[in-house]
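Peer 1: Supplied structure: start_12.cif, mmCIF, C-alpha atoms (C1' of nucleotides).
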data_input
loop_
_atom_site.label_atom_id
_atom_site.label_comp_id
_atom_site.auth_asym_id
_atom_site.auth_seq_id
_atom_site.Cartn_x
_atom_site.Cartn_y
_atom_site.Cartn_z
CA MET G 30 -14.97 13.88 3.29
CA LYS G 31 -11.52 12.48 3.41
CA ASN G 32 -9.64 15.22 5.18
CA ASP G 33 -9.83 13.91 8.71
CA SER G 34 -8.24 10.56 8.07
CA GLU G 35 -5.66 11.78 5.62
CA GLN G 36 -4.03 14.21 7.97
CA LYS G 37 -2.70 11.63 10.37
CA ILE G 38 -0.71 9.79 7.77
CA GLU G 39 1.16 12.84 6.74
CA GLU G 40 2.27 13.49 10.26
CA CYS G 41 3.41 10.20 11.61
CA TYR G 42 4.72 7.20 9.79
CA CYS G 43 6.71 5.55 12.53
CA PRO G 44 4.10 2.99 13.62
CA ILE G 45 3.58 2.09 9.99
CA GLN G 46 7.27 1.50 9.50
CA LYS G 47 7.34 -0.59 12.63
CA THR G 48 4.38 -2.61 11.51
CA LEU G 49 5.90 -3.18 8.12
CA ALA G 50 9.18 -4.17 9.68
CA LEU G 51 7.34 -6.62 11.85
CA ILE G 52 5.27 -8.32 9.18
CA GLY G 53 7.60 -7.65 6.30
CA GLY G 54 9.97 -10.49 6.97
CA LYS G 55 10.24 -13.09 4.27
CA TRP G 56 8.41 -15.74 6.27
CA THR G 57 6.37 -13.75 8.74
CA LEU G 58 3.12 -13.71 6.83
CA SER G 59 3.39 -17.40 6.15
CA ILE G 60 3.90 -18.07 9.81
CA ILE G 61 0.86 -16.02 10.70
CA ARG G 62 -1.14 -17.82 8.05
CA GLU G 63 -0.09 -21.20 9.40
CA LEU G 64 -1.11 -20.18 12.89
CA SER G 65 -4.43 -18.84 11.64
CA SER G 66 -5.73 -22.35 11.42
CA GLY G 67 -4.82 -23.13 14.99
CA SER G 68 -1.83 -23.56 17.27
CA LYS G 69 1.16 -25.43 15.94
CA ARG G 70 4.40 -26.82 17.26
CA PHE G 71 7.83 -25.69 16.16
CA SER G 72 8.44 -28.76 14.04
CA GLN G 73 4.98 -28.54 12.51
CA LEU G 74 5.71 -25.02 11.39
CA GLN G 75 8.99 -26.16 9.92
CA LYS G 76 7.23 -28.81 7.90
CA SER G 77 4.51 -26.42 6.82
CA LEU G 78 7.08 -23.91 5.65
CA PRO G 79 9.45 -25.76 3.33
CA GLY G 80 12.74 -23.99 3.14
CA ILE G 81 12.69 -22.06 6.37
CA SER G 82 15.67 -22.57 8.61
CA PRO G 83 15.19 -23.20 12.32
CA LYS G 84 17.14 -20.07 13.03
CA THR G 85 14.87 -17.88 10.96
CA LEU G 86 11.73 -19.51 12.28
CA SER G 87 12.96 -19.03 15.81
CA SER G 88 13.79 -15.37 15.17
CA ARG G 89 10.45 -14.54 13.59
CA LEU G 90 8.61 -16.35 16.34
CA GLN G 91 10.48 -14.40 18.98
CA GLU G 92 9.69 -11.11 17.31
CA LEU G 93 6.04 -11.96 17.00
CA GLU G 94 5.94 -13.15 20.57
CA LYS G 95 7.62 -9.95 21.72
CA GLU G 96 4.85 -7.92 20.11
CA ALA G 97 2.25 -10.31 21.48
CA ILE G 98 1.11 -11.35 18.04
CA VAL G 99 1.71 -14.97 18.84
CA ALA G 100 1.63 -16.76 22.15
CA LYS G 101 4.07 -19.46 23.15
CA GLN G 102 3.01 -22.24 25.41
CA VAL G 103 5.57 -24.62 26.82
CA PHE G 104 4.53 -28.02 28.04
CA PRO G 105 6.97 -29.42 30.61
CA GLU G 106 7.11 -32.83 29.07
CA VAL G 107 9.63 -35.26 27.74
CA PRO G 108 10.17 -34.86 24.90
CA PRO G 109 9.63 -31.11 25.17
CA ARG G 110 6.55 -29.66 23.53
CA VAL G 111 5.98 -26.05 22.60
CA GLU G 112 2.96 -24.65 20.89
CA TYR G 113 2.53 -21.35 19.15
CA SER G 114 -0.77 -19.67 18.49
CA LEU G 115 -2.17 -16.34 17.41
CA THR G 116 -3.21 -13.94 20.13
CA SER G 117 -6.14 -11.56 19.84
CA LYS G 118 -3.67 -8.96 18.59
CA GLY G 119 -2.67 -11.40 15.92
CA GLU G 120 -6.29 -11.85 14.97
CA GLY G 121 -6.64 -8.10 14.76
CA LEU G 122 -3.65 -8.00 12.49
CA LYS G 123 -5.42 -10.31 10.10
CA LYS G 124 -7.97 -7.57 9.57
CA VAL G 125 -5.23 -5.30 8.33
CA LEU G 126 -3.86 -8.03 6.12
CA GLN G 127 -7.28 -8.38 4.55
CA ASP G 128 -7.13 -4.78 3.47
CA LEU G 129 -3.61 -5.24 2.21
CA LEU G 130 -4.79 -8.24 0.23
CA LYS G 131 -7.74 -6.36 -1.14
CA TRP G 132 -5.70 -3.39 -2.23
CA GLY G 133 -2.96 -5.55 -3.70
CA THR G 134 -5.41 -7.67 -5.62
CA GLU G 135 -7.18 -4.67 -7.05
CA ASN G 136 -4.23 -2.47 -7.73
CA LEU G 137 -1.12 -4.48 -8.37
CA LYS G 138 -0.04 -5.45 -11.82
CA GLU G 139 -0.17 -9.16 -12.44
CA GLY G 140 2.01 -11.30 -14.60
CA TYR G 141 5.32 -11.83 -12.90
CA MET F 5 -19.39 -12.97 11.41
CA LYS F 6 -15.79 -13.01 10.48
CA ASN F 7 -15.55 -16.24 8.55
CA ASP F 8 -16.00 -14.88 5.06
CA SER F 9 -13.17 -12.42 5.17
CA GLU F 10 -10.78 -14.60 7.06
CA GLN F 11 -10.81 -17.40 4.61
CA LYS F 12 -9.20 -15.50 1.82
CA ILE F 13 -6.13 -14.65 3.77
CA GLU F 14 -5.39 -18.22 4.53
CA GLU F 15 -5.51 -19.15 0.92
CA CYS F 16 -3.56 -16.48 -0.86
CA TYR F 17 -0.83 -14.24 0.42
CA CYS F 18 0.87 -13.34 -2.80
CA PRO F 19 -0.73 -9.92 -3.32
CA ILE F 20 0.05 -9.09 0.28
CA GLN F 21 3.67 -9.98 -0.18
CA LYS F 22 3.80 -7.93 -3.33
CA THR F 23 2.20 -4.98 -1.62
CA LEU F 24 4.59 -5.23 1.28
CA ALA F 25 7.52 -5.51 -1.08
CA LEU F 26 6.32 -2.42 -2.86
CA ILE F 27 5.79 -0.20 0.17
CA GLY F 28 8.31 -1.87 2.42
CA GLY F 29 11.37 -0.15 1.06
CA LYS F 30 13.28 2.00 3.48
CA TRP F 31 12.17 5.25 1.88
CA THR F 32 8.98 4.34 0.07
CA LEU F 33 6.53 5.46 2.70
CA SER F 34 8.37 8.72 3.14
CA ILE F 35 8.22 9.34 -0.58
CA ILE F 36 4.50 8.69 -0.60
CA ARG F 37 4.07 10.98 2.36
CA GLU F 38 5.98 13.75 0.64
CA LEU F 39 3.85 13.41 -2.44
CA SER F 40 0.67 13.40 -0.38
CA SER F 41 0.94 17.11 -0.01
CA GLY F 42 1.21 17.68 -3.72
CA SER F 43 3.48 17.02 -6.66
CA LYS F 44 7.19 17.50 -6.18
CA ARG F 45 10.30 17.59 -8.30
CA PHE F 46 13.16 15.16 -8.00
CA SER F 47 15.41 17.61 -6.24
CA GLN F 48 12.64 18.67 -3.93
CA LEU F 49 12.16 15.10 -2.85
CA GLN F 50 15.87 14.78 -2.27
CA LYS F 51 15.83 17.79 0.00
CA SER F 52 12.73 16.60 1.80
CA LEU F 53 14.32 13.24 2.45
CA PRO F 54 17.70 13.90 4.02
CA GLY F 55 20.02 10.97 3.52
CA ILE F 56 18.43 9.38 0.50
CA SER F 57 20.75 8.76 -2.40
CA PRO F 58 19.69 9.73 -5.92
CA LYS F 59 19.99 6.11 -6.94
CA THR F 60 17.59 4.93 -4.29
CA LEU F 61 15.14 7.74 -4.90
CA SER F 62 15.20 6.98 -8.59
CA SER F 63 14.65 3.28 -8.02
CA ARG F 64 11.74 3.73 -5.64
CA LEU F 65 10.16 6.27 -7.94
CA GLN F 66 10.43 3.89 -10.88
CA GLU F 67 8.84 1.09 -8.94
CA LEU F 68 6.01 3.27 -7.78
CA GLU F 69 5.53 4.60 -11.27
CA LYS F 70 5.49 1.08 -12.65
CA GLU F 71 2.63 0.19 -10.34
CA ALA F 72 0.92 3.46 -11.12
CA ILE F 73 1.14 4.69 -7.56
CA VAL F 74 2.90 7.82 -8.65
CA ALA F 75 2.75 9.68 -11.94
CA LYS F 76 5.73 11.27 -13.60
CA GLN F 77 5.31 14.37 -15.66
CA VAL F 78 8.17 15.68 -17.77
CA PHE F 79 8.27 19.30 -18.83
CA PRO F 80 10.37 19.80 -21.96
CA GLU F 81 12.13 22.83 -20.64
CA VAL F 82 15.64 24.04 -20.08
CA PRO F 83 16.67 23.30 -17.46
CA PRO F 84 14.69 20.04 -17.39
CA ARG F 85 11.79 19.79 -15.01
CA VAL F 86 10.11 16.61 -13.82
CA GLU F 87 7.29 16.38 -11.37
CA TYR F 88 6.04 13.40 -9.44
CA SER F 89 2.60 13.10 -7.94
CA LEU F 90 0.32 10.52 -6.40
CA THR F 91 -2.20 8.87 -8.68
CA SER F 92 -5.65 7.80 -7.59
CA LYS F 93 -4.17 4.39 -6.85
CA GLY F 94 -1.69 6.10 -4.63
CA GLU F 95 -4.50 7.87 -2.86
CA GLY F 96 -6.23 4.55 -2.40
CA LEU F 97 -3.09 3.16 -0.91
CA LYS F 98 -3.18 5.86 1.72
CA LYS F 99 -6.38 4.30 2.98
CA VAL F 100 -4.53 1.08 3.63
CA LEU F 101 -1.73 2.95 5.32
CA GLN F 102 -4.27 4.52 7.64
CA ASP F 103 -5.26 1.10 8.85
CA LEU F 104 -1.64 0.10 9.19
CA LEU F 105 -1.03 3.22 11.24
CA LYS F 106 -4.06 2.56 13.39
CA TRP F 107 -3.12 -1.02 14.08
CA GLY F 108 0.50 -0.16 14.75
CA THR F 109 -0.38 2.65 17.09
CA GLU F 110 -2.78 0.51 19.05
CA ASN F 111 -0.84 -2.70 19.12
CA LEU F 112 2.87 -2.10 18.88
CA LYS F 113 5.05 -1.76 21.91
CA GLU F 114 6.56 1.66 22.36
CA GLY F 115 9.87 2.64 23.75
CA TYR F 116 12.58 1.93 21.27
"C1'" DC Q 13 18.22 19.54 -13.11
"C1'" DG Q 14 17.41 14.82 -13.14
"C1'" DG Q 15 19.01 11.23 -13.30
"C1'" DT Q 16 22.49 6.66 -14.39
"C1'" DA Q 17 26.92 3.94 -13.56
"C1'" DT Q 18 30.03 1.85 -10.16
"C1'" DC Q 19 31.63 0.18 -6.27
"C1'" DC Q 20 30.99 -1.17 -1.58
"C1'" DT Q 21 28.92 -2.47 2.90
"C1'" DG Q 22 25.79 -4.23 6.53
"C1'" DG Q 23 22.12 -6.99 7.80
"C1'" DC Q 24 18.96 -10.55 6.79
"C1'" DT Q 25 18.65 -15.04 5.56
"C1'" DG Q 26 20.17 -19.92 4.33
"C1'" DA Q 27 22.86 -24.11 5.52
"C1'" DT Q 28 24.59 -26.87 8.73
"C1'" DA Q 29 26.07 -28.62 13.09
"C1'" DC Q 30 25.37 -28.97 17.74
"C1'" DT Q 31 22.94 -28.94 22.56
"C1'" DG Q 32 19.44 -29.30 26.68
"C1'" DC A 22 11.79 -31.86 20.07
"C1'" DA A 23 13.03 -27.24 20.15
"C1'" DG A 24 15.89 -24.58 19.58
"C1'" DT A 25 21.12 -21.95 19.51
"C1'" DA A 26 25.84 -21.30 17.34
"C1'" DT A 27 28.50 -20.50 13.49
"C1'" DC A 28 29.69 -19.38 8.96
"C1'" DA A 29 28.73 -17.92 4.30
"C1'" DG A 30 26.03 -15.45 0.53
"C1'" DC A 31 22.81 -12.14 -1.42
"C1'" DC A 32 20.99 -7.91 -2.14
"C1'" DA A 33 18.79 -3.32 -0.75
"C1'" DG A 34 20.70 0.60 -0.01
"C1'" DG A 35 24.75 4.21 0.69
"C1'" DA A 36 28.65 7.04 -1.38
"C1'" DT A 37 30.35 8.99 -5.13
"C1'" DA A 38 31.25 10.26 -9.83
"C1'" DC A 39 29.61 11.30 -14.09
"C1'" DC A 40 26.30 12.40 -18.11
"C1'" DG A 41 22.27 14.46 -21.25
#
Rewrite the structure of this file - the entire thing - as structure tokens.

Peer 2:
Amino acid sequence: MKNDSEQKIEECYCPIQKTLALIGGKWTLSIIRELSSGSKRFSQLQKSLPGISPKTLSSRLQELEKEAIVAKQVFPEVPPRVEYSLTSKGEGLKKVLQDLLKWGTENLKEGY
Amino acid sequence: MKNDSEQKIEECYCPIQKTLALIGGKWTLSIIRELSSGSKRFSQLQKSLPGISPKTLSSRLQELEKEAIVAKQVFPEVPPRVEYSLTSKGEGLKKVLQDLLKWGTENLKEGY
DNA sequence: CGGTATCCTGGCTGATACTG
DNA sequence: CAGTATCAGCCAGGATACCG
């Protein structure tokens, strides 16, 4: 009763590695969490994530945008305004994160 | 219909980070995959994972053992024999990896 | 065989300054 | 405001040698 699903994993790990590489960055999950509650501007994200450098934030945002996890909307105003938000893919990713959270909570040793 | 599960993620990411840190190592998934098909010896793992250094293999194995993902069994023989295998926790982790694989396959851009 | 001890390197990240 | 450019530091991981 577990054979069907178990086979796949043993054959192909590449998409898993890619997914981990994508969400495994130091700040990536935090960024996704911040955007879970609605779209935010670059500077808002910076304030919400104490310690992140603009360079890192920019990089992570670009990666996530490239994979269509977050959407970037530019408002042609002065001063410039840019808003980032989760796409439906990003919402789907949250599902996976739930499972990760569940497993981690149930199986990881505490007390660090 | 999605509110209940989504809340948690926005409140606590620590176990997710820990889980990612645990399985995010360069070779960790491959090690788990190798052990999926049954217990293996240190040297067998080395052969199955071309390019891994004994130091790295040892480190990953220790981490996984520490979190009870893999079990280490020492046979007091000459020459020494040690076998590593997945524990039930490790099997449970495979479930999560399935979801990761599914999401990655469906949502990640191809062509690298 | 099954590791540990050392040394070393590349890439990610942080800090900071600067620009459109 | 929303980034990019530049430089420096840390650390996972690689190479290699050695040990019980």

Peer 1: Spell out the residues picked by the PyMOL selection byres ((chain F) within 9 of (chain G)) here, as a ChimeraX atom specification.

Peer 2: /F:9-10,12-25,27-28,30,33-34,37-38,40-41,70-73,93,96-109,111-113

Peer 1: Filtering to C-alpha atoms, could you give me those residues as an mmCIF file, in the frame of the given file?

Peer 2:
data_model
loop_
_atom_site.group_PDB
_atom_site.id
_atom_site.type_symbol
_atom_site.label_atom_id
_atom_site.label_comp_id
_atom_site.auth_asym_id
_atom_site.auth_seq_id
_atom_site.Cartn_x
_atom_site.Cartn_y
_atom_site.Cartn_z
ATOM 1 C CA SER F 9 -13.170 -12.420 5.170
ATOM 2 C CA GLU F 10 -10.780 -14.600 7.060
ATOM 3 C CA LYS F 12 -9.200 -15.500 1.820
ATOM 4 C CA ILE F 13 -6.130 -14.650 3.770
ATOM 5 C CA GLU F 14 -5.390 -18.220 4.530
ATOM 6 C CA GLU F 15 -5.510 -19.150 0.920
ATOM 7 C CA CYS F 16 -3.560 -16.480 -0.860
ATOM 8 C CA TYR F 17 -0.830 -14.240 0.420
ATOM 9 C CA CYS F 18 0.870 -13.340 -2.800
ATOM 10 C CA PRO F 19 -0.730 -9.920 -3.320
ATOM 11 C CA ILE F 20 0.050 -9.090 0.280
ATOM 12 C CA GLN F 21 3.670 -9.980 -0.180
ATOM 13 C CA LYS F 22 3.800 -7.930 -3.330
ATOM 14 C CA THR F 23 2.200 -4.980 -1.620
ATOM 15 C CA LEU F 24 4.590 -5.230 1.280
ATOM 16 C CA ALA F 25 7.520 -5.510 -1.080
ATOM 17 C CA ILE F 27 5.790 -0.200 0.170
ATOM 18 C CA GLY F 28 8.310 -1.870 2.420
ATOM 19 C CA LYS F 30 13.280 2.000 3.480
ATOM 20 C CA LEU F 33 6.530 5.460 2.700
ATOM 21 C CA SER F 34 8.370 8.720 3.140
ATOM 22 C CA ARG F 37 4.070 10.980 2.360
ATOM 23 C CA GLU F 38 5.980 13.750 0.640
ATOM 24 C CA SER F 40 0.670 13.400 -0.380
ATOM 25 C CA SER F 41 0.940 17.110 -0.010
ATOM 26 C CA LYS F 70 5.490 1.080 -12.650
ATOM 27 C CA GLU F 71 2.630 0.190 -10.340
ATOM 28 C CA ALA F 72 0.920 3.460 -11.120
ATOM 29 C CA ILE F 73 1.140 4.690 -7.560
ATOM 30 C CA LYS F 93 -4.170 4.390 -6.850
ATOM 31 C CA GLY F 96 -6.230 4.550 -2.400
ATOM 32 C CA LEU F 97 -3.090 3.160 -0.910
ATOM 33 C CA LYS F 98 -3.180 5.860 1.720
ATOM 34 C CA LYS F 99 -6.380 4.300 2.980
ATOM 35 C CA VAL F 100 -4.530 1.080 3.630
ATOM 36 C CA LEU F 101 -1.730 2.950 5.320
ATOM 37 C CA GLN F 102 -4.270 4.520 7.640
ATOM 38 C CA ASP F 103 -5.260 1.100 8.850
ATOM 39 C CA LEU F 104 -1.640 0.100 9.190
ATOM 40 C CA LEU F 105 -1.030 3.220 11.240
ATOM 41 C CA LYS F 106 -4.060 2.560 13.390
ATOM 42 C CA TRP F 107 -3.120 -1.020 14.080
ATOM 43 C CA GLY F 108 0.500 -0.160 14.750
ATOM 44 C CA THR F 109 -0.380 2.650 17.090
ATOM 45 C CA ASN F 111 -0.840 -2.700 19.120
ATOM 46 C CA LEU F 112 2.870 -2.100 18.880
ATOM 47 C CA LYS F 113 5.050 -1.760 21.910
#

Peer 1: List as a ChimeraX atom specification the protein and nucleic acid residues near segment 33-37 of chain A, meaning an atom at most 12 Å away when only C-alpha atoms (C1' of nucleotides) are counted, but skip any in the same chain fewer than 6 places from it.

Peer 2: /F:25,28-31,55-61,63-64 /Q:17-24

Peer 1: How would the residues just picked look written out with C-alpha atoms (C1' of nucleotides) as an mmCIF file, in the coordinates of the input?

Peer 2:
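Output saved as result24.cif:
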data_model
loop_
_atom_site.group_PDB
_atom_site.id
_atom_site.type_symbol
_atom_site.label_atom_id
_atom_site.label_comp_id
_atom_site.auth_asym_id
_atom_site.auth_seq_id
_atom_site.Cartn_x
_atom_site.Cartn_y
_atom_site.Cartn_z
ATOM 1 C CA ALA F 25 7.520 -5.510 -1.080
ATOM 2 C CA GLY F 28 8.310 -1.870 2.420
ATOM 3 C CA GLY F 29 11.370 -0.150 1.060
ATOM 4 C CA LYS F 30 13.280 2.000 3.480
ATOM 5 C CA TRP F 31 12.170 5.250 1.880
ATOM 6 C CA GLY F 55 20.020 10.970 3.520
ATOM 7 C CA ILE F 56 18.430 9.380 0.500
ATOM 8 C CA SER F 57 20.750 8.760 -2.400
ATOM 9 C CA PRO F 58 19.690 9.730 -5.920
ATOM 10 C CA LYS F 59 19.990 6.110 -6.940
ATOM 11 C CA THR F 60 17.590 4.930 -4.290
ATOM 12 C CA LEU F 61 15.140 7.740 -4.900
ATOM 13 C CA SER F 63 14.650 3.280 -8.020
ATOM 14 C CA ARG F 64 11.740 3.730 -5.640
ATOM 15 C "C1'" DA Q 17 26.920 3.940 -13.560
ATOM 16 C "C1'" DT Q 18 30.030 1.850 -10.160
ATOM 17 C "C1'" DC Q 19 31.630 0.180 -6.270
ATOM 18 C "C1'" DC Q 20 30.990 -1.170 -1.580
ATOM 19 C "C1'" DT Q 21 28.920 -2.470 2.900
ATOM 20 C "C1'" DG Q 22 25.790 -4.230 6.530
ATOM 21 C "C1'" DG Q 23 22.120 -6.990 7.800
ATOM 22 C "C1'" DC Q 24 18.960 -10.550 6.790
#

Peer 1: Please evaluate the PyMOL selection byres ((chain F and resi 80-85) around 10) against the structure above and give the resulting residues as a ChimeraX atom specification.

Peer 2: /F:45-47,77-79,86-87 /Q:13-14

Peer 1: Could those selected residues go to a file with C-alpha atoms (C1' of nucleotides), as a CSV table (one decimal), in the frame of the given file?

Peer 2:
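File again_0.csv, as written:
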chain,number,residue,atom,x,y,z
F,45,ARG,CA,10.3,17.6,-8.3
F,46,PHE,CA,13.2,15.2,-8.0
F,47,SER,CA,15.4,17.6,-6.2
F,77,GLN,CA,5.3,14.4,-15.7
F,78,VAL,CA,8.2,15.7,-17.8
F,79,PHE,CA,8.3,19.3,-18.8
F,86,VAL,CA,10.1,16.6,-13.8
F,87,GLU,CA,7.3,16.4,-11.4
Q,13,DC,C1',18.2,19.5,-13.1
Q,14,DG,C1',17.4,14.8,-13.1

Peer 1: Taking the file above as input, evaluate the PyMOL selection byres ((chain Q) within 8 of (chain G)) and report the hits as a PyMOL selection string.

Peer 2: chain Q and resi 25-27

Peer 1: Residues of the last selection are to be written out with C-alpha atoms (C1' of nucleotides), as an mmCIF file, in the coordinates of the input.

Peer 2:
data_model
loop_
_atom_site.group_PDB
_atom_site.id
_atom_site.type_symbol
_atom_site.label_atom_id
_atom_site.label_comp_id
_atom_site.auth_asym_id
_atom_site.auth_seq_id
_atom_site.Cartn_x
_atom_site.Cartn_y
_atom_site.Cartn_z
ATOM 1 C "C1'" DT Q 25 18.650 -15.040 5.560
ATOM 2 C "C1'" DG Q 26 20.170 -19.920 4.330
ATOM 3 C "C1'" DA Q 27 22.860 -24.110 5.520
#

Peer 1: Can you report as JSON the centre and edge lengths in Å, to one decimal, of an axis-aligned box around the listed atoms of segment 22-40 of chain A padded with 3 Å on each side?

Peer 2:
{"center_x": 21.5, "center_y": -9.7, "center_z": 1.0, "size_x": 25.5, "size_y": 50.3, "size_z": 44.3}

Peer 1: Rounded to one decimal place, report the atom CA of Leu90 of chain F-atom CA of Val74 of chain F distance in Å.

Peer 2: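 Atom-to-atom, atom CA of Leu90 of chain F and atom CA of Val74 of chain F are spaced 4.4 Å apart.
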
Peer 1: Only residues of chain A matter here; which ones have an atom within 9 Å of chain G, counting all atoms listed in the file? Give them as a VMD selection string.

Peer 2: chain A and resid 22 to 25

Peer 1: Work out how far atom CA of Gln75 of chain G is from atom CA of Leu90 of chain G, in Å to one decimal.

Peer 2: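 Atom CA of Gln75 of chain G lies at a distance of 11.7 Å from atom CA of Leu90 of chain G.
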
Peer 1: Can you tell me how far atom CA of Ser89 of chain F sits from atom CA of Ser52 of chain F, in Å to one decimal?

Peer 2: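 Interatomic distance, atom CA of Ser89 of chain F to atom CA of Ser52 of chain F: 14.5 Å.
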